[in-house]
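Here the structure is laid out as structure tokens; the discussion comes afterwards.
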2 protein chains.
Amino acid sequence: MTSLKVNPDLQKERSTCTFNIEELTNLLDTGAEHTAKRRALEEKIFNLKELKDDVPEEFLSHKDKYENAIRKAVMLHTIVQRNDPIKTNVNNFDKSNFRSTSNSIFKDVSPFLLQFSMFVPTIVGQGDEEQRKYWLERALKMEIIGTYAQTELGHGTFIRGLETEATYDEKTEEFIMNSPSLSSYKWWPGGLGHTSNYCIVMAQLKIKGKSYGMKPFVVQIRDEETHMPMPGVKVGEIGAKFAFNTANNGFLGFDNVRIPRRHMLMRFSQVLKDGTFKSSSNPRLAYGTMVMVRVTIVNTACTLLSKAATIAIRYSAVRHQSQLKANEPEPQILDYVTQQHKLFISIATSHAYMFCSYWLWDLYTNYHNEQNDGNFERLPELHALTCVLKVISSTDCTALVERCRMSCGGHGYMLSSNLPQLYSLSTAACTYEGENTVLLLQTARALVKAWDQASQGIALNPTMAYLADRTPAGPWDSSLDGIIKAFQKVSVGKLSSSVSSFHEYAKSGLSMEDAWNKASVQLIGAAEAYGRAVVLSVYKAEIERYSKIVSPSLKAVLSDLLEMYIIYKALEKTGDLLLYTQLSEKEVKALQRRYEDLLEKIRPNAVGLVDAYDYRDEVLHSTLGSYDGFAYEHLMEEAMKSPLNAEPVNQSFHKYLKPLMKGKI
Amino acid sequence: MTSLKVNPDLQKERSTCTFNIEELTNLLDTGAEHTAKRRALEEKIFNLKELKDDVPEEFLSHKDKYENAIRKAVMLHTIVQRNDPIKTNVNNFDKSNFRSTSNSIFKDVSPFLLQFSMFVPTIVGQGDEEQRKYWLERALKMEIIGTYAQTELGHGTFIRGLETEATYDEKTEEFIMNSPSLSSYKWWPGGLGHTSNYCIVMAQLKIKGKSYGMKPFVVQIRDEETHMPMPGVKVGEIGAKFAFNTANNGFLGFDNVRIPRRHMLMRFSQVLKDGTFKSSSNPRLAYGTMVMVRVTIVNTACTLLSKAATIAIRYSAVRHQSQLKANEPEPQILDYVTQQHKLFISIATSHAYMFCSYWLWDLYTNYHNEQNDGNFERLPELHALTCVLKVISSTDCTALVERCRMSCGGHGYMLSSNLPQLYSLSTAACTYEGENTVLLLQTARALVKAWDQASQGIALNPTMAYLADRTPAGPWDSSLDGIIKAFQKVSVGKLSSSVSSFHEYAKSGLSMEDAWNKASVQLIGAAEAYGRAVVLSVYKAEIERYSKIVSPSLKAVLSDLLEMYIIYKALEKTGDLLLYTQLSEKEVKALQRRYEDLLEKIRPNAVGLVDAYDYRDEVLHSTLGSYDGFAYEHLMEEAMKSPLNAEPVNQSFHKYLKPLMKGKI
């Protein structure tokens, strides 16, 4: 529709950018060699015509979406997985994998998602050597497709409440799997509906009438030749969702389904032929995977946000609206300070959490090595830390994805912008892998314990060490370090205050449990405050570290973003800062002014900053965010792909509208 | 699946409710006679088998969704509209209409939405007598289906920037409609895609080379017999959206389309045969419709929220999870204080905005009568007020709908819960009929003007009168009136502070426009603070008024909700209150304690309060929120309606999965 290659508005923005975009891309990729590797794979995948959709997914029926996704998943697998080494466990995973984009051929998600994210890792983590050998060979070759089923219709958070049973029958040396009620049906596993033929099932182990708690069992759920459900297996898909509609989430129930004894994964505990139960290894080892998954969620959260920011900022650079000054042309909406206020924080937040996720990954791998040497010392801290970072990254990034969407006005409501789907995908992380409120309460429990330990003079782990300093906040210091210190004072203050409330409720006659419950709104606030303090100091430390290796021009931009982030957060939490530090009204005004100046400073680099995420159009899937900036042309092109537009007159006119208008109904 | 009629958990809740549910229902309906009338219509519609969907809408393709919606819209029209008097204008509208539910036969929205919400009202408001007579007769009989097209692909907020042209040709006495560019295409009107055959088009009137601004024109866009687009008309649908997918939003472009001179709506200005332009009436009259639409948005916002609250609270009463105390059964999740914290504010917020919308409606109708007597005095205040109330009601209710959704954990992510759709519908209101930030800036402009007037001793309109009181806040008063007064001080403080910043920026050398832009983040905060102060005082005044007519038990519950709402808001805005009033740390703690006590007090009435909204299951469309409380049974029933579950093995197994697993791809 246009002969130009790039919208002049974007060209202008790119030409005035003050730093080298490629340098930032390399930094985000953790090295130029990783950028090159990522791009090579993208070239291979995104040029394949067969992996593109003629009719955009949003126009298809639920069933057609699934069938299309299976087609693409199989093709992607044959192209990518068969040629590349397959990641079989944690140790093969590298930070640079975080920015892999091959799954972007799905606008939603792959129905094979769980094969490599849960089925294979669980076998690696929980199978014994013989089991690993047998199942991994089959799974990695894709001879079988597996998933992981834990959550039940009536049970999520509370693992001990799961109802599915695996009862050992020593006569036949088999487990008998049963779903004793509707609420015990497995519900949610990706790929379970119509895709997988094997499933790791978490079930209550019962031997001779005695329960031994939740254990993992590999259960064949469909015939390998016919794909028909195995006898006694009730399986299907759970229906349409806010997103993840091509994930093929399923339900699963058992009616006396027998599986061999050796289908229980036996690394951590064993059932011998005669029914003897043995527990042989440190159960804390099993926590590792959960911690790792939460690290990846921090990264996923900021990745989704960086996509939304790319779309919204490019669109804001090409969209013109209203007048700043009479008789002047309509300005780019990116020139409105309210728009900058909506958007620039998204760039800084995505950086903050991306760098945090890299830092957290290193922390985790260090711990993983310590753990292999039998040292579990940092596990409680790592658990509390990954819980709260999972919570605040998913919460913040989801809220900002939505803010990006809404900053695009009506067009951000179009599915062709991809912004609604980014939101639906992002918000899921607030619920899966530990519901956010539940996780905050877990962090709060660890903090209250640390608080008591510090009161007794016991040394705390590094990220909690500041909790031991109970001195009141000194005079307000508006340097970045001063503000970070102030956030630590807020964290101490909120924890102290919620612990007091908890004790007061207990003293007033409530049981400890009821007192905890009644103080829980304050306790989750204290947990959040701890997470905020950590993110601020980690983000600053990481930028300082990078500053030594990047060019002065990039250093300047990264520092502006960091400063804006810290001041934004301070302005967001003035209530807490006024309560727990010596912040004054005058200082609040000064922070506000400094924030407004920083928006102005960042403005010329906004498009460069999102270009540096380096998302191909095939990854963004967005009419509003394409590299060329021809938003209106793309909106119209995508609309024309609607099957409704294939005919000038829809059949419902003849069937319903005409009879109505002619008074014949 | 169960022989019980109601889940015992819900039965227990209902039996312990302390007030008469029906009494509250009647209050919300503004009278028992309105409850009866609403229920009679619901009985008529919701028992019709033909208006129910065998396959839930979320499984259909975009095209099938549309065709199904047309079928239902036509049926609904023949049942309801032909039997009931049709609302032709504002004066026939009554507050009790706010709670009409007949459109709930659409899980999404009706493709006829714009016929009676925009096409007919615009003819009533902007047509002259002859035009009203001609068009209304045809429209009310549904001989024609119309819509209203203003927004263009490249233009929304800024009306003067619209590009569509209507050029008068005095030789033929016709207007020639043209779309001079892609960005001038109309984009968004509901029903425009494939449903309407007439459209009111806002276009730049041009006569003999001179522009006369935006005027409304009735344009025939499709042939009445064949429904084919008229010559020169390019029309189609804009594609899939976050919601409103059965609204059939469309695009529209013109290539020299000629329409008769009398198709311009001529109440406020006329073009005579010879091309003479005349403006005959007060243009301020045209503002009325816009103001009215915003009042209805306040009501729509809290209606959607009340549905989400019903679903989430009923589900929280039947869902059991984890343990509050060791060795006790899993409690209802409604017993967790964090869950109460998430949910009870939704009930109070829906009441606050519902009562506000009734109050605002009365204010508007009073104004409407004054206006007919030529008195426009309150228009600026009403404009500023409806802008900010539209903004904060849509913002708050949308955020709380989402909080309700997330409080239901994973199951809230299922479309069968209807919570995702309620969110997508709700969030749209933050953008349509005036983007929220744009509207806040309009309110800010009115406030700054009022601020200056007050400084000059000019009396302010009632809702802004407190801005004249510049005395510093007195000692903290924790009564409800004291807190409301404190919020007024915050409003004064934020307005004062942003006006100072604006002036400082101007003094520093920025132009007035740039200074305004740079202070705009603060200005929208001041606008919001004004809205908050108004809602708090209106909500309290209305509850006081109702308290005189309701039973003591209902009065007690309404008062608890009011108190909780005011304290919740104070805790939410401690930053502002600490800055602009004498609130202290000790008082904050006292408020927190009072809040926690109120949650406990409201807990026994939570289910009764949502039952009082009186939504039939056919209105809620929710597996989680049904009156009987059998959430798991309904989740499974709905999943079984998925067309994917109609076959045990999907065809993609044979086509793709089996070849992959057998190594044959």
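Identifiers for the structure tokens are assigned positionally: chains receive A, B, ... in sequence, residues are indexed from 1 per chain, and ligands are indexed from 1 in the order shown.
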
Please, which residues of chain A lie no more than 6 Å from chain B when the count uses only C-alpha atoms, and can they be set out as a compact mmCIF listing (two decimals) with N, CA, C and O atoms, in the first residue's frame?
# COMPACT_ATOMS: atom_id res chain seq x y z
N PHE A 59 -9.27 -15.87 14.04
CA PHE A 59 -10.53 -16.07 13.31
C PHE A 59 -10.99 -17.53 13.35
O PHE A 59 -12.10 -17.84 12.93
N LEU A 60 -10.10 -18.43 13.79
CA LEU A 60 -10.41 -19.86 13.74
C LEU A 60 -11.28 -20.30 14.92
O LEU A 60 -11.29 -19.66 15.97
N SER A 61 -11.94 -21.43 14.73
CA SER A 61 -12.66 -22.05 15.85
C SER A 61 -11.64 -22.66 16.80
O SER A 61 -10.48 -22.88 16.44
N HIS A 62 -12.08 -22.94 18.00
CA HIS A 62 -11.21 -23.56 19.01
C HIS A 62 -10.56 -24.85 18.47
O HIS A 62 -9.36 -25.07 18.64
N LYS A 63 -11.35 -25.65 17.79
CA LYS A 63 -10.84 -26.92 17.26
C LYS A 63 -9.82 -26.69 16.15
O LYS A 63 -8.76 -27.32 16.12
N GLU A 67 -5.80 -27.86 15.80
CA GLU A 67 -5.28 -28.68 14.70
C GLU A 67 -4.15 -27.95 13.97
O GLU A 67 -3.15 -28.54 13.58
N MET A 142 10.92 -38.31 20.63
CA MET A 142 9.50 -38.07 20.38
C MET A 142 8.77 -39.35 19.99
O MET A 142 7.79 -39.31 19.25
N GLU A 143 9.23 -40.49 20.48
CA GLU A 143 8.46 -41.72 20.28
C GLU A 143 7.19 -41.67 21.12
O GLU A 143 6.20 -42.33 20.80
N PHE A 158 -2.66 -26.70 47.64
CA PHE A 158 -2.43 -27.58 48.78
C PHE A 158 -2.15 -29.00 48.32
O PHE A 158 -3.07 -29.79 48.08
N GLY A 236 -9.74 -35.75 28.23
CA GLY A 236 -10.29 -34.82 27.24
C GLY A 236 -9.74 -33.43 27.51
O GLY A 236 -8.88 -33.27 28.39
N ILE A 238 -10.11 -29.29 28.56
CA ILE A 238 -10.93 -28.59 29.56
C ILE A 238 -11.71 -27.41 28.98
O ILE A 238 -12.51 -26.81 29.69
N GLY A 239 -11.48 -27.08 27.72
CA GLY A 239 -12.27 -26.00 27.12
C GLY A 239 -11.46 -24.75 26.87
O GLY A 239 -10.24 -24.75 27.01
N ALA A 240 -12.15 -23.68 26.49
CA ALA A 240 -11.48 -22.44 26.08
C ALA A 240 -11.05 -21.62 27.29
O ALA A 240 -11.68 -21.65 28.33
N LYS A 241 -9.94 -20.92 27.11
CA LYS A 241 -9.37 -20.12 28.18
C LYS A 241 -9.04 -18.72 27.69
O LYS A 241 -9.16 -18.41 26.52
N PHE A 242 -8.56 -17.89 28.63
CA PHE A 242 -8.22 -16.49 28.32
C PHE A 242 -7.09 -16.44 27.29
O PHE A 242 -7.03 -15.56 26.45
N SER A 322 -4.37 15.08 18.10
CA SER A 322 -4.65 16.35 18.80
C SER A 322 -3.58 17.40 18.52
O SER A 322 -2.81 17.30 17.58
N VAL A 337 3.61 14.02 27.54
CA VAL A 337 4.30 13.54 28.74
C VAL A 337 3.50 12.44 29.44
O VAL A 337 4.07 11.50 29.99
N THR A 338 2.17 12.53 29.38
CA THR A 338 1.37 11.45 29.99
C THR A 338 1.64 10.11 29.27
O THR A 338 1.62 9.06 29.90
N GLY A 409 -4.79 3.14 22.70
CA GLY A 409 -6.18 3.51 22.45
C GLY A 409 -6.97 2.34 21.88
O GLY A 409 -6.68 1.18 22.18
N TYR A 413 -6.93 -2.61 21.27
CA TYR A 413 -7.97 -3.59 21.60
C TYR A 413 -8.12 -4.63 20.48
O TYR A 413 -8.75 -5.66 20.67
N MET A 414 -7.51 -4.32 19.31
CA MET A 414 -7.56 -5.26 18.18
C MET A 414 -6.63 -6.44 18.46
O MET A 414 -5.48 -6.24 18.86
N LEU A 415 -7.09 -7.66 18.20
CA LEU A 415 -6.20 -8.81 18.37
C LEU A 415 -5.03 -8.74 17.40
O LEU A 415 -3.97 -9.27 17.67
N PRO A 420 -3.69 -7.65 23.29
CA PRO A 420 -4.56 -8.40 24.19
C PRO A 420 -4.00 -9.78 24.53
O PRO A 420 -4.03 -10.21 25.68
N THR A 431 -0.93 -16.67 38.39
CA THR A 431 -1.69 -17.78 38.98
C THR A 431 -0.92 -19.09 38.93
O THR A 431 -0.91 -19.85 39.90
N ASN A 517 -3.75 -15.21 60.15
CA ASN A 517 -4.73 -14.94 59.09
C ASN A 517 -5.19 -13.49 59.14
O ASN A 517 -5.22 -12.80 58.13
N LYS A 518 -5.47 -13.01 60.34
CA LYS A 518 -6.01 -11.65 60.45
C LYS A 518 -4.95 -10.59 60.10
O LYS A 518 -5.29 -9.50 59.63
N VAL A 521 -3.05 -9.53 55.49
CA VAL A 521 -3.01 -8.45 54.49
C VAL A 521 -1.75 -7.62 54.68
O VAL A 521 -1.07 -7.23 53.72
N THR A 574 5.14 6.65 47.97
CA THR A 574 5.35 7.76 48.90
C THR A 574 4.70 7.46 50.25
O THR A 574 5.23 7.86 51.29
N GLY A 575 3.58 6.78 50.25
CA GLY A 575 2.91 6.46 51.51
C GLY A 575 3.85 5.72 52.45
O GLY A 575 4.03 6.10 53.61
N ALA A 639 -7.33 -6.95 8.67
CA ALA A 639 -8.80 -7.00 8.66
C ALA A 639 -9.29 -7.72 7.42
O ALA A 639 -10.26 -8.49 7.47
N SER A 642 -10.00 -11.41 7.47
CA SER A 642 -11.14 -11.97 8.19
C SER A 642 -12.04 -12.73 7.22
O SER A 642 -12.45 -12.18 6.20
N LEU A 644 -15.01 -13.23 7.34
CA LEU A 644 -16.26 -12.48 7.13
C LEU A 644 -16.13 -11.53 5.96
O LEU A 644 -17.11 -11.20 5.29
N ASN A 645 -14.91 -11.04 5.73
CA ASN A 645 -14.71 -10.09 4.63
C ASN A 645 -14.52 -10.76 3.27
O ASN A 645 -14.36 -10.09 2.26
N SER A 652 -26.35 -14.49 6.72
CA SER A 652 -27.37 -14.16 7.73
C SER A 652 -28.27 -13.02 7.28
O SER A 652 -29.35 -12.83 7.83
N MET A 661 -36.25 -6.85 8.34
CA MET A 661 -36.43 -5.50 7.81
C MET A 661 -37.68 -5.40 6.94
O MET A 661 -38.29 -4.34 6.84

Test item: residues at most 8 Å from His634 (chain B), only C-alpha atoms, excluding those fewer than 4 positions along its chain, as a PyMOL selection string: chain B and resi 623-624+630+638

Helix (DSSP H, G or I) residues, from DSSP on the backbone, in region 465-580 of chain B, as a PyMOL selection string: chain B and resi 465-468+480-507+512-518+520-547+552-572+574-580

Residues near Ile123 (chain B), cut-off 12 Å, only C-alpha atoms, skip fewer than 5 positions along chain, as an MDAnalysis selection string: chainID B and resid 88:89 115:118 128:140 146:148 199:201 216:218 263:268 286 289

Close residues, Leu305 (chain A) itself excluded, 9 Å, only C-alpha atoms, min 5 positions apart in chain, as a PDB file with C-alpha atoms, in the first residue's frame:
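Once everything was written out, this is out25.pdb:
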ATOM      1  CA  THR A 300       9.128 -14.742  30.766  1.00  0.00           C
ATOM      2  CA  THR A 310       8.087  -2.437  21.511  1.00  0.00           C
ATOM      3  CA  SER A 346       7.945  -0.455  30.840  1.00  0.00           C
ATOM      4  CA  ILE A 347      11.374  -0.329  29.250  1.00  0.00           C
ATOM      5  CA  THR A 349      10.984  -2.495  34.265  1.00  0.00           C
ATOM      6  CA  SER A 350      11.795  -5.017  31.562  1.00  0.00           C
ATOM      7  CA  CYS A 397       4.894  -6.846  34.016  1.00  0.00           C
ATOM      8  CA  THR A 398       1.248  -7.852  33.596  1.00  0.00           C
ATOM      9  CA  LEU A 400       2.494  -2.723  32.414  1.00  0.00           C
ATOM     10  CA  VAL A 401       1.649  -4.914  29.420  1.00  0.00           C
ATOM     11  CA  CYS A 404       1.050  -0.499  26.987  1.00  0.00           C
ATOM     12  CA  LEU A 422       0.287 -10.601  25.431  1.00  0.00           C
ATOM     13  CA  TYR A 423      -1.834  -9.532  28.368  1.00  0.00           C
ATOM     14  CA  SER A 426       1.207 -12.545  30.953  1.00  0.00           C
TER      15      SER A 426
END

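We find CA of Val6 (chain A) and CA of Thr30 (chain A) to be spaced 29.0 Å apart.
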
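If you count only C-alpha atoms and ignore residues fewer than 4 places along the chain from Leu609 (chain B), what sits within 8 Å of it is B:Ile21, B:Ile347, B:Asn605, B:Tyr613.
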
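Of the listed residues A:Thr443, A:Thr581, A:Asn245, A:Gln220, the one whose atoms come nearest to Gln488 (chain A) is A:Thr581, with distances taken using only C-alpha atoms.
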
Spatial neighbours of Gly531 (chain A), 9 Å, only C-alpha atoms, chain gap at least 2 places, as a ChimeraX atom specification: /A:385,388-389,391-392,491,526-529,533-536

Any chance you could export the current selection's C-alpha atoms as an mmCIF file, in the first residue's frame?
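Output contents, as saved in result19.cif:
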data_model
loop_
_atom_site.group_PDB
_atom_site.id
_atom_site.type_symbol
_atom_site.label_atom_id
_atom_site.label_comp_id
_atom_site.auth_asym_id
_atom_site.auth_seq_id
_atom_site.Cartn_x
_atom_site.Cartn_y
_atom_site.Cartn_z
ATOM 1 C CA LEU A 385 13.403 -14.891 47.083
ATOM 2 C CA VAL A 388 8.510 -12.976 45.834
ATOM 3 C CA LEU A 389 10.356 -12.207 42.601
ATOM 4 C CA VAL A 391 5.116 -12.531 42.291
ATOM 5 C CA ILE A 392 6.268 -8.986 41.735
ATOM 6 C CA SER A 491 10.792 -3.280 54.252
ATOM 7 C CA ALA A 526 5.846 -6.841 54.050
ATOM 8 C CA ALA A 527 6.780 -9.652 51.676
ATOM 9 C CA GLU A 528 6.311 -7.386 48.683
ATOM 10 C CA ALA A 529 8.456 -4.679 50.286
ATOM 11 C CA ALA A 533 14.215 -3.686 48.040
ATOM 12 C CA VAL A 534 15.987 -6.633 46.412
ATOM 13 C CA VAL A 535 15.051 -5.694 42.840
ATOM 14 C CA LEU A 536 16.185 -2.100 43.306
#
